Amino acid sequence: MIHPPPFSPTFLVPFLFLSTLIGGTTFFWTSQAQAIPAFSRKYQVTCTVCHTRVPRLNRTGERFLENGYQLPGTEDGGSTSKRKLGDVTLDEVTHYLGVRLRGTPLRTFHSDTHHAGNSKNQTEFTFPEIFSLFAAGTATNNVGFFVELESNMEESATAVERGFVTFNNLGKHDLAHLRVGRFDPSAFSSYATLRQHFEVIPEDTVDNGSFLPPTINRISLTPAAFSAKFSGLYDRRGNAILPTATSLFHAASEIGIDLHGRPFGNWFFYQVGVLNGANEPFGDSNKAKDWYVHTRIDLAQSNYFSANISGFGYFGRHNAKVQNMTDVNWNRYGLSANFRYHMIDLYGAFAIDRITNLPDALKASFDRTATGLTVEANVLATDRFLIGLRYDHLDAGGDRTLRTSHSLIALMAKFYWRSNIAFFLRDDVNLRDAQGGRNPERNFRNAFVIGADLAF
Amino acid sequence: MRLSLEPIWPFNRPPRNPGALAVALSLTLTAFPAFSADVSPIERTPSAQTGKALYEQACAFCHGIGGQGDGPDAFYLGPYSAPRPRDLTSGEYKFRSTPSGSLPTDDDLLRTLTVGIPGYMPSFQSLSDMDRRHLVAYLKTLSPAFQEGKAQSLPLPPGPIPATPESIQQGRALYVALDCMTCHSEQVNSPEGLLTQGKLKDRRGLTLHPRDLTNLTSYKNGHSPSDIARTILTGLDGSPMASYLEALEPHPEQVWHLVNYILSLSSP
């Protein structure tokens with residue numbers, strides 16, 4: 001039996017060639033980057049005051065976010081950059097509106113659909129498919145807001161991805177900040193779901209009806225630690241929750257309320273929150289709530305070094321269903337960490353998902369525990385050239401006839417033409433052997449994409 | 001609506017009215033008088049201790065907890081080229097009103113905190129005036145040089161003077177005579193001054209890009225006539241931009257002609 005090598009030269013050769021080309025170009029291209037996006041305009045600083053490289057936040061950016069879009073240590077509501085109009089103080093439109101366009105115009109997927117040796121290549125050309133309109137800033141002192149309207153052309157969907165209001169510095173500075181609305185719970189974690197250099201590449205599935213497993217033609221490339229991990233889980237409307245979908249603490253957005261702060265200084269962060277947790281895009285058919293607790297310890301603030309470690313527990317209540325339509329409780333516990341030293345940014349997350357309240361009839365056929373590990377390293381090789389490496393390991397749970405574990409490694413080269421305009425190449429490789437049959441996690445062999453990410 | 005907190009809720013049963021509990025909690029927290037960053041009226045003297053607490057919240061991410069310019073965000077601000085955040089322990093400051101090689105005055109430090117550095121450091125006008133003075137008091141504890149002496153501002157020559165064509169012409173002659181174009185170029189988009197790009201280094205040895213004088217709002221030390229005159233006369237210590245005080249002797253008032261010419265470069 002001959003298995004294709006995990007590092008297919010078909011993709012690695014052009015990848016390495018183009019990476020070298022881009023890297024080499026940047027050595028000779030030294031003109032200064034110009035920052036444009038909204039907060040850069042508002043505070044008249046370059047993007048790298050708050051980002052290591054867009055979209056990842058540095059410590060200043062994290063504290064700006066925690067503080068409700070106010071500079072760390074301040075509580076003025078950004079009023080010094082606002083304009084007085086009669087009795088009303090307003091931000092200039094360009095100071096709170098931003099747009100972002102991103103996508104992967106070229107994608108090539110390689111899979112072994114039936115068995116080793118029976119491979120399939122699929123190449124897609126698309127236009128940049130995700131357009132986001134942001135409005136964010138401060139209404140007044142210690143009151144912030146964020147709205148993100150996203151149009152995903154591939155999914156033919158336009159929706160408010162996130163929208164929340166923050167009330168900051170309740171009690172005393174940094175004691176408590178409140179977020180209310182639709183937000184990303186993991187925003188303050190050592191490894192946040194959003195702001196990834198490796199964008200999530202969506203799956204290709206065919207829906208087979210309520211409480212029936214879908215046909216997965218191609219898996220989504222999601223960090224394993226953030227993913228649902230289980231096969232055979234459904235939302236309360238009967239739609240399948242894919243094992244690679246971001247979920248629970250790592251959901252891209254959920255409706256709820258969240259309290260966070262640093263009552264003892266910079267080193268200790270706490271966060272507690274309550275969410276609808278129904279795993280539904282709209283509505284709250286699950287009247288019970290999910291809740292979570294998250295703490296983070298930050299260490300070191302000198303020698304170009306910083307480190308932090310996060311621990312969280314997410315407790316679901318009737319937040320998913322299994323095939324016989326019974327409610328189950330879906331919990332997640334985990335750790336994440338980030339070490340940053342000079343040009344190296346190393347971060348990762350490990351999560352254990354556990355299903356409780358499983359009906360006795362399913363206990364033999366359903367694995368109630370699943371784990372996911374994601375580790376990523378970014379190296380800023382020049383002012384404009386970033387190299388990324390990510391490893392994912394999913395030890396899947398759920399329906400024993402459907403679940404499949406996988407281990408993926410991804411390599412990325414990202415070139416920042418400006419600090420807010422980036423182009424990237426990426427290659428994802430499955431380290432496990434193909435198994436054939438309907439086994440999309442294992443039959444996926446390789447993906448090569450070229451993409452762009454522009455923010456103004 | 002039922003709020004379920006099992007299995008971790010520490011009491012025997014869920015709260016009877018969790019919605020009210022949440023509202024009460026919010027009201028209790030918002031009742032604290034925290035929506036103001038005003039300084040207490042009893043604080044009249046800048047306190048280095050208060051400044052230290054503010055520094056750790058607002059400044060340490062870039063300048064480092066010890067002030068050496070090596071905070072966790074410092075590298076990413078200028079990975080392989082200048083600027084990096086200032087090493088506040090060195091006693092060497094770019095933005096001063098004092099002669100080259102001198103310490104800045106308190107007002108110099110306060111000005112930088114208040115207006116920021118375009119492109120690289122946001123204005124901290126969002127802190128109260130007293131908080132910024134607390135910060136200045138703390139910044140001065142980071143370098144022993146501040147204990148050894150106090151600097152005096154260099155008085156600017158009387159001016160500015162009207163930007164007449166004659167004045168601009170005299171300024172251009174000075175610009176040429178002082179060899180400013182070696183770094184800054186003379187004409188808009190001219191490659192002349194760009195020849196030095198990649199060759200200029202700052203004190204850390206990082207590549208430094210000369211200021212594009214046609215982009216007025218990017219001037220790091222301010223772009224008012226007085227700001228520009230001050231920059232020319234005092235220089236930017238730690239960078240190749242030297243003080244031109246001696247070069248303009250015995251007629252330092254000529255600096256205003258040079259200012260008028262520089263401002264003319266960015267005129268529409």
# chains A, B, ... in the order shown; residues from 1 in each chain; ligands from 1

$ residues_around --residues "region 206-219 of chain A" --least-positions-apart "3" --cutoff "7 Å" --atoms "only C-alpha atoms" --output "list of chain:residue names"
A:Glu203, A:Gly232, A:Tyr234, A:Gly238, A:Asn239, A:Ala240, A:Gln323, A:Pro440, A:Glu441, A:Phe444

$ residues_around --residues "region 76-83 of chain B" --least-positions-apart "4" --cutoff "7 Å" --atoms "only C-alpha atoms" --output "number ranges by chain"
A: 48-49, 52, 382-383; B: 202, 206-208

$ write_last_selection --atoms "N, CA, C and O atoms" --output "mmCIF file, in the first residue's frame"
data_model
loop_
_atom_site.group_PDB
_atom_site.id
_atom_site.type_symbol
_atom_site.label_atom_id
_atom_site.label_comp_id
_atom_site.auth_asym_id
_atom_site.auth_seq_id
_atom_site.Cartn_x
_atom_site.Cartn_y
_atom_site.Cartn_z
ATOM 1 N N THR A 48 1.353 49.087 14.413
ATOM 2 C CA THR A 48 2.177 48.257 15.295
ATOM 3 C C THR A 48 2.280 48.807 16.713
ATOM 4 O O THR A 48 2.949 48.221 17.545
ATOM 5 N N VAL A 49 1.613 49.927 16.978
ATOM 6 C CA VAL A 49 1.506 50.363 18.375
ATOM 7 C C VAL A 49 0.605 49.376 19.131
ATOM 8 O O VAL A 49 0.814 49.128 20.319
ATOM 9 N N THR A 52 1.223 43.148 16.990
ATOM 10 C CA THR A 52 2.536 42.648 16.609
ATOM 11 C C THR A 52 2.633 42.796 15.094
ATOM 12 O O THR A 52 3.502 43.470 14.581
ATOM 13 N N THR A 382 11.609 39.888 8.730
ATOM 14 C CA THR A 382 12.016 41.267 8.403
ATOM 15 C C THR A 382 10.872 42.164 8.869
ATOM 16 O O THR A 382 9.876 41.681 9.401
ATOM 17 N N ASP A 383 11.009 43.463 8.612
ATOM 18 C CA ASP A 383 9.918 44.357 9.008
ATOM 19 C C ASP A 383 8.603 43.978 8.340
ATOM 20 O O ASP A 383 7.532 44.290 8.835
ATOM 21 N N ASP B 202 20.425 54.969 14.118
ATOM 22 C CA ASP B 202 20.229 55.632 15.399
ATOM 23 C C ASP B 202 21.224 55.064 16.416
ATOM 24 O O ASP B 202 22.105 54.275 16.063
ATOM 25 N N LEU B 206 20.012 50.911 14.570
ATOM 26 C CA LEU B 206 18.888 50.571 13.707
ATOM 27 C C LEU B 206 18.774 51.588 12.576
ATOM 28 O O LEU B 206 19.009 52.787 12.780
ATOM 29 N N THR B 207 18.398 51.092 11.413
ATOM 30 C CA THR B 207 18.243 51.968 10.255
ATOM 31 C C THR B 207 17.158 53.012 10.525
ATOM 32 O O THR B 207 16.089 52.684 11.039
ATOM 33 N N LEU B 208 17.473 54.228 10.147
ATOM 34 C CA LEU B 208 16.565 55.332 10.452
ATOM 35 C C LEU B 208 16.211 56.048 9.155
ATOM 36 O O LEU B 208 17.080 56.273 8.309
#

$ residues_around --residues "Asp235 (chain A)" --least-positions-apart "4" --cutoff "9 Å" --atoms "only C-alpha atoms" --output "number ranges by chain"
A: 211, 239-241, 278-280, 319-322

$ residues_around --residues "Ser306 (chain A)" --least-positions-apart "2" --cutoff "7 Å" --atoms "only C-alpha atoms" --output "list of chain:residue names"
A:Leu299, A:Ala300, A:Gln301, A:Tyr304, A:Asn308, A:Phe339, A:Arg340, A:Tyr341, B:Pro72

$ closest_residue --among "A:Asp258, A:Glu199, A:Asp87, A:Glu154" --to "chain B" --atoms "only C-alpha atoms"
A:Asp258

$ interface_residues --of "chain A" --to "chain B" --cutoff "6 Å" --atoms "only C-alpha atoms" --output "PDB file with N, CA and C atoms, in the first residue's frame"
ATOM      1  N   TYR A  43      -5.743  57.913  16.719  1.00  0.00           N
ATOM      2  CA  TYR A  43      -4.628  58.216  17.624  1.00  0.00           C
ATOM      3  C   TYR A  43      -3.354  58.614  16.882  1.00  0.00           C
ATOM      4  N   GLN A  44      -3.429  58.654  15.550  1.00  0.00           N
ATOM      5  CA  GLN A  44      -2.301  59.085  14.716  1.00  0.00           C
ATOM      6  C   GLN A  44      -1.031  58.286  14.996  1.00  0.00           C
ATOM      7  N   VAL A  45      -1.202  56.990  15.072  1.00  0.00           N
ATOM      8  CA  VAL A  45      -0.048  56.109  15.268  1.00  0.00           C
ATOM      9  C   VAL A  45      -0.137  54.941  14.293  1.00  0.00           C
ATOM     10  N   THR A  46       0.987  54.302  14.107  1.00  0.00           N
ATOM     11  CA  THR A  46       1.027  53.160  13.203  1.00  0.00           C
ATOM     12  C   THR A  46       0.331  51.945  13.835  1.00  0.00           C
ATOM     13  N   THR A  48       1.353  49.087  14.413  1.00  0.00           N
ATOM     14  CA  THR A  48       2.177  48.257  15.295  1.00  0.00           C
ATOM     15  C   THR A  48       2.280  48.807  16.713  1.00  0.00           C
ATOM     16  N   THR A  52       1.223  43.148  16.990  1.00  0.00           N
ATOM     17  CA  THR A  52       2.536  42.648  16.609  1.00  0.00           C
ATOM     18  C   THR A  52       2.633  42.796  15.094  1.00  0.00           C
ATOM     19  N   PRO A  72      -4.554  52.368  27.380  1.00  0.00           N
ATOM     20  CA  PRO A  72      -4.293  51.756  28.685  1.00  0.00           C
ATOM     21  C   PRO A  72      -3.999  52.823  29.739  1.00  0.00           C
ATOM     22  N   GLY A  73      -4.595  52.646  30.895  1.00  0.00           N
ATOM     23  CA  GLY A  73      -4.349  53.578  32.001  1.00  0.00           C
ATOM     24  C   GLY A  73      -5.220  54.824  31.970  1.00  0.00           C
ATOM     25  N   THR A  74      -6.041  54.979  30.918  1.00  0.00           N
ATOM     26  CA  THR A  74      -6.852  56.198  30.811  1.00  0.00           C
ATOM     27  C   THR A  74      -8.347  55.861  30.868  1.00  0.00           C
ATOM     28  N   GLU A  75      -9.140  56.892  31.102  1.00  0.00           N
ATOM     29  CA  GLU A  75     -10.593  56.695  31.171  1.00  0.00           C
ATOM     30  C   GLU A  75     -11.333  57.847  30.520  1.00  0.00           C
ATOM     31  N   ASP A  76     -10.753  58.446  29.506  1.00  0.00           N
ATOM     32  CA  ASP A  76     -11.364  59.668  28.971  1.00  0.00           C
ATOM     33  C   ASP A  76     -12.345  59.405  27.839  1.00  0.00           C
ATOM     34  N   LEU A 170     -15.485  49.943  36.237  1.00  0.00           N
ATOM     35  CA  LEU A 170     -16.516  50.010  37.263  1.00  0.00           C
ATOM     36  C   LEU A 170     -15.850  49.843  38.624  1.00  0.00           C
ATOM     37  N   GLY A 171     -16.195  50.682  39.555  1.00  0.00           N
ATOM     38  CA  GLY A 171     -15.596  50.598  40.894  1.00  0.00           C
ATOM     39  C   GLY A 171     -14.303  51.366  40.971  1.00  0.00           C
ATOM     40  N   LYS A 172     -13.300  50.923  40.282  1.00  0.00           N
ATOM     41  CA  LYS A 172     -12.054  51.675  40.163  1.00  0.00           C
ATOM     42  C   LYS A 172     -11.343  51.225  38.888  1.00  0.00           C
ATOM     43  N   ALA A 288     -31.802  27.603  29.234  1.00  0.00           N
ATOM     44  CA  ALA A 288     -30.712  27.524  30.204  1.00  0.00           C
ATOM     45  C   ALA A 288     -29.519  28.288  29.646  1.00  0.00           C
ATOM     46  N   LYS A 289     -28.622  28.661  30.521  1.00  0.00           N
ATOM     47  CA  LYS A 289     -27.472  29.449  30.072  1.00  0.00           C
ATOM     48  C   LYS A 289     -26.172  28.661  30.256  1.00  0.00           C
ATOM     49  N   GLN A 301       7.865  42.054  31.687  1.00  0.00           N
ATOM     50  CA  GLN A 301       7.582  43.228  30.869  1.00  0.00           C
ATOM     51  C   GLN A 301       8.874  43.944  30.508  1.00  0.00           C
ATOM     52  N   SER A 302       9.916  43.201  30.246  1.00  0.00           N
ATOM     53  CA  SER A 302      11.171  43.848  29.852  1.00  0.00           C
ATOM     54  C   SER A 302      11.981  42.867  29.013  1.00  0.00           C
ATOM     55  N   ASN A 303      13.130  43.352  28.528  1.00  0.00           N
ATOM     56  CA  ASN A 303      14.001  42.533  27.675  1.00  0.00           C
ATOM     57  C   ASN A 303      13.273  42.026  26.434  1.00  0.00           C
ATOM     58  N   TYR A 304      12.324  42.789  25.946  1.00  0.00           N
ATOM     59  CA  TYR A 304      11.533  42.406  24.763  1.00  0.00           C
ATOM     60  C   TYR A 304      10.849  41.050  24.968  1.00  0.00           C
ATOM     61  N   PHE A 305      10.570  40.740  26.194  1.00  0.00           N
ATOM     62  CA  PHE A 305      10.010  39.425  26.512  1.00  0.00           C
ATOM     63  C   PHE A 305       8.702  39.593  27.274  1.00  0.00           C
ATOM     64  N   SER A 306       7.753  38.750  26.955  1.00  0.00           N
ATOM     65  CA  SER A 306       6.544  38.685  27.769  1.00  0.00           C
ATOM     66  C   SER A 306       5.997  37.270  27.703  1.00  0.00           C
ATOM     67  N   HIS A 342      11.613  38.974  21.332  1.00  0.00           N
ATOM     68  CA  HIS A 342      12.101  39.593  20.103  1.00  0.00           C
ATOM     69  C   HIS A 342      11.150  39.253  18.953  1.00  0.00           C
ATOM     70  N   ASP A 383      11.009  43.463   8.612  1.00  0.00           N
ATOM     71  CA  ASP A 383       9.918  44.357   9.008  1.00  0.00           C
ATOM     72  C   ASP A 383       8.603  43.978   8.340  1.00  0.00           C
TER      73      ASP A 383
END

$ decode --residues "region 80-94 of chain A" --atoms "all heavy atoms" --output "short mmCIF file (atom, residue, chain, number, x, y, z; two decimals), in the first residue's frame"
data_model
loop_
_atom_site.label_atom_id
_atom_site.label_comp_id
_atom_site.auth_asym_id
_atom_site.auth_seq_id
_atom_site.Cartn_x
_atom_site.Cartn_y
_atom_site.Cartn_z
N THR A 80 -10.37 63.24 23.80
CA THR A 80 -9.40 64.22 23.35
C THR A 80 -9.29 64.25 21.83
O THR A 80 -8.79 65.22 21.27
CB THR A 80 -8.01 63.94 23.94
OG1 THR A 80 -7.71 62.56 23.77
CG2 THR A 80 -7.98 64.28 25.42
N SER A 81 -9.75 63.19 21.18
CA SER A 81 -9.70 63.22 19.71
C SER A 81 -11.08 63.46 19.12
O SER A 81 -11.27 63.34 17.91
CB SER A 81 -9.12 61.90 19.19
OG SER A 81 -10.03 60.86 19.42
N LYS A 82 -12.04 63.78 19.96
CA LYS A 82 -13.39 64.02 19.44
C LYS A 82 -13.58 65.50 19.10
O LYS A 82 -12.80 66.35 19.51
CB LYS A 82 -14.43 63.58 20.47
CG LYS A 82 -14.49 62.07 20.69
CD LYS A 82 -15.52 61.74 21.75
CE LYS A 82 -15.41 60.33 22.25
NZ LYS A 82 -15.89 59.34 21.33
N ARG A 83 -14.66 65.75 18.39
CA ARG A 83 -14.94 67.11 17.96
C ARG A 83 -16.19 67.61 18.69
O ARG A 83 -17.16 66.88 18.84
CB ARG A 83 -15.18 67.11 16.45
CG ARG A 83 -15.54 68.46 15.90
CD ARG A 83 -15.69 68.39 14.40
NE ARG A 83 -14.43 68.23 13.72
CZ ARG A 83 -14.30 68.19 12.40
NH1 ARG A 83 -15.38 68.23 11.64
NH2 ARG A 83 -13.12 68.06 11.84
N LYS A 84 -16.14 68.85 19.13
CA LYS A 84 -17.27 69.44 19.85
C LYS A 84 -18.21 70.07 18.81
O LYS A 84 -17.79 70.87 17.97
CB LYS A 84 -16.75 70.52 20.81
CG LYS A 84 -17.72 70.89 21.89
CD LYS A 84 -17.63 69.94 23.07
CE LYS A 84 -18.54 70.45 24.20
NZ LYS A 84 -18.71 69.44 25.23
N LEU A 85 -19.48 69.67 18.86
CA LEU A 85 -20.48 70.22 17.95
C LEU A 85 -21.64 70.71 18.82
O LEU A 85 -22.49 69.93 19.21
CB LEU A 85 -20.93 69.13 16.97
CG LEU A 85 -21.74 69.59 15.77
CD1 LEU A 85 -20.90 70.43 14.83
CD2 LEU A 85 -22.29 68.37 15.02
N GLY A 86 -21.63 71.99 19.15
CA GLY A 86 -22.61 72.49 20.10
C GLY A 86 -22.37 71.85 21.45
O GLY A 86 -21.25 71.89 21.97
N ASP A 87 -23.43 71.23 21.99
CA ASP A 87 -23.27 70.55 23.28
C ASP A 87 -22.86 69.10 23.11
O ASP A 87 -22.71 68.37 24.08
CB ASP A 87 -24.60 70.61 24.06
CG ASP A 87 -24.92 72.05 24.46
OD1 ASP A 87 -23.97 72.83 24.60
OD2 ASP A 87 -26.11 72.35 24.62
N VAL A 88 -22.74 68.67 21.89
CA VAL A 88 -22.47 67.25 21.63
C VAL A 88 -21.00 67.06 21.26
O VAL A 88 -20.45 67.84 20.50
CB VAL A 88 -23.37 66.74 20.49
CG1 VAL A 88 -23.18 65.25 20.27
CG2 VAL A 88 -24.82 67.05 20.78
N THR A 89 -20.41 66.02 21.82
CA THR A 89 -19.04 65.68 21.48
C THR A 89 -19.05 64.44 20.59
O THR A 89 -19.59 63.42 20.97
CB THR A 89 -18.22 65.41 22.75
OG1 THR A 89 -18.34 66.53 23.60
CG2 THR A 89 -16.76 65.19 22.42
N LEU A 90 -18.48 64.57 19.42
CA LEU A 90 -18.57 63.47 18.45
C LEU A 90 -17.19 63.04 17.97
O LEU A 90 -16.28 63.86 17.89
CB LEU A 90 -19.37 63.93 17.22
CG LEU A 90 -20.83 64.27 17.42
CD1 LEU A 90 -21.37 64.93 16.16
CD2 LEU A 90 -21.64 63.03 17.75
N ASP A 91 -17.10 61.77 17.67
CA ASP A 91 -15.92 61.29 16.97
C ASP A 91 -16.07 61.61 15.49
O ASP A 91 -17.19 61.60 14.95
CB ASP A 91 -15.84 59.75 17.08
CG ASP A 91 -14.86 59.33 18.14
OD1 ASP A 91 -13.83 59.99 18.28
OD2 ASP A 91 -15.13 58.33 18.81
N GLU A 92 -14.98 61.89 14.84
CA GLU A 92 -15.06 62.00 13.39
C GLU A 92 -15.33 60.62 12.81
O GLU A 92 -14.86 59.61 13.35
CB GLU A 92 -13.75 62.55 12.83
CG GLU A 92 -13.55 64.01 13.17
CD GLU A 92 -12.34 64.60 12.46
OE1 GLU A 92 -11.98 64.09 11.40
OE2 GLU A 92 -11.78 65.55 13.00
N VAL A 93 -16.09 60.58 11.73
CA VAL A 93 -16.50 59.29 11.15
C VAL A 93 -15.29 58.41 10.86
O VAL A 93 -15.28 57.21 11.14
CB VAL A 93 -17.33 59.52 9.86
CG1 VAL A 93 -17.57 58.21 9.14
CG2 VAL A 93 -18.64 60.19 10.19
N THR A 94 -14.24 59.03 10.34
CA THR A 94 -13.07 58.22 9.97
C THR A 94 -12.36 57.65 11.20
O THR A 94 -11.49 56.81 11.07
CB THR A 94 -12.06 59.08 9.20
OG1 THR A 94 -11.76 60.24 9.98
CG2 THR A 94 -12.61 59.49 7.85
#
